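What follows is the content of input_25.txt (compact mmCIF, C-alpha atoms).
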```txt
# COMPACT_ATOMS: atom_id res chain seq x y z
CA MET S 1 -24.74 35.75 15.37
CA THR S 2 -28.19 35.08 13.92
CA LYS S 3 -29.52 31.66 13.12
CA ASP S 4 -30.66 30.81 9.61
CA ASN S 5 -34.16 29.55 10.42
CA ASN S 6 -34.55 28.27 6.85
CA ASN S 7 -32.08 25.48 7.67
CA ILE S 8 -33.63 24.46 10.98
CA LYS S 9 -36.59 22.16 11.56
CA ARG S 10 -38.16 21.97 15.00
CA ILE S 11 -39.44 18.57 16.17
CA ASN S 12 -40.98 17.22 19.35
CA ILE S 13 -39.77 13.83 20.49
CA ARG S 14 -40.92 11.39 23.11
CA MET S 15 -38.61 9.08 24.99
CA PRO S 16 -38.80 6.88 28.05
CA LEU S 17 -38.02 8.76 31.24
CA PRO S 18 -34.86 6.71 32.02
CA ILE S 19 -33.47 7.60 28.59
CA TYR S 20 -34.31 11.27 29.05
CA GLU S 21 -32.65 11.26 32.47
CA TRP S 22 -29.51 9.74 30.95
CA VAL S 23 -29.52 12.35 28.15
CA GLN S 24 -29.93 15.11 30.73
CA GLU S 25 -27.04 13.74 32.81
CA GLN S 26 -24.82 13.46 29.76
CA SER S 27 -25.67 16.94 28.51
CA ASP S 28 -24.92 18.36 31.97
CA TYR S 29 -21.62 16.46 32.10
CA HIS S 30 -20.60 17.81 28.68
CA GLY S 31 -21.81 21.32 29.52
CA VAL S 32 -24.33 21.56 26.69
CA SER S 33 -28.10 21.69 26.40
CA VAL S 34 -30.17 18.56 25.89
CA ASN S 35 -30.91 19.79 22.36
CA SER S 36 -27.21 20.23 21.58
CA PHE S 37 -26.33 16.85 23.06
CA ILE S 38 -28.98 15.07 20.95
CA ASN S 39 -27.78 16.91 17.82
CA MET S 40 -24.15 15.97 18.58
CA LYS S 41 -25.06 12.29 18.95
CA ILE S 42 -27.11 12.27 15.75
CA SER S 43 -24.21 13.93 13.90
CA GLU S 44 -21.83 11.27 15.27
CA MET S 45 -24.17 8.52 14.04
CA LYS S 46 -24.36 10.12 10.59
CA LYS S 47 -20.55 10.32 10.36
CA GLN S 48 -20.24 6.67 11.43
CA GLU S 49 -22.72 5.64 8.74
CA GLU S 50 -20.82 7.61 6.09
CA THR S 51 -17.56 5.99 7.24
CA MET S 52 -19.10 2.52 7.09
CA LYS S 53 -20.37 3.18 3.55
CA ALA S 54 -16.92 4.39 2.49
CA MET S 55 -15.30 1.32 4.04
CA ALA S 56 -17.78 -0.95 2.27
CA ILE S 57 -16.93 0.68 -1.05
CA MET S 58 -13.21 0.38 -0.41
CA THR S 59 -13.44 -3.28 0.62
CA ASN S 60 -15.43 -4.21 -2.45
CA GLU S 61 -12.77 -5.81 -4.66
CA SER S 62 -14.02 -4.38 -7.95
CA VAL S 63 -14.25 -0.87 -6.50
CA LEU S 64 -10.84 -1.23 -4.85
CA LYS S 65 -9.31 -2.39 -8.15
CA PHE S 66 -10.90 0.55 -9.96
CA LEU S 67 -9.54 3.01 -7.38
CA GLU S 68 -6.07 1.48 -7.56
CA GLU S 69 -6.06 1.66 -11.35
CA LYS S 70 -7.29 5.25 -11.25
CA SER S 71 -4.62 6.30 -8.75
CA SER S 72 -1.81 4.66 -10.73
CA LYS S 73 -2.49 6.79 -13.80
```

Would you mind writing the structure in this file as structure tokens?
Amino acid sequence: MTKDNNNIKRINIRMPLPIYEWVQEQSDYHGVSVNSFINMKISEMKKQEETMKAMAIMTNESVLKFLEEKSSK
């Protein structure tokens, strides 16, 4: 399986040594590379943000009313 390098951006990051050591321990525990672990955690954060935005929309009374009216038709 080849990677599509057009959809990948390489970055260098710096982090405090204790954080890096924790990331290394966690990646070892989960059986993945440090790179994969960092990508997994960033993906989780992105999903949480999307969920929070969706919840905010659904708890907004005017949006909720609109969605209820739309679904009743």

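Residues in contact range of S:Val23, defined as at most 8 Å between only C-alpha atoms, with sequence neighbours fewer than 5 positions away removed, read Val34, Phe37 and Ile38 of chain S.
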
**Item:** Atom pair atom CA of S:Ala56 / atom CA of S:Asn39: separation (Å)
**Value:**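 Result for atom CA of S:Ala56 versus atom CA of S:Asn39: 25.7 Å, one decimal.
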
**From S:Asn5, S:Ala54, S:Glu69, S:Ile13, residue lying nearest S:Asn35 [only C-alpha atoms]** =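 With only C-alpha atoms as the atom set, the closest residue is S:Ile13.
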
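Here atom CA of S:Glu25 and atom CA of S:Met40 stand 14.7 Å from one another.
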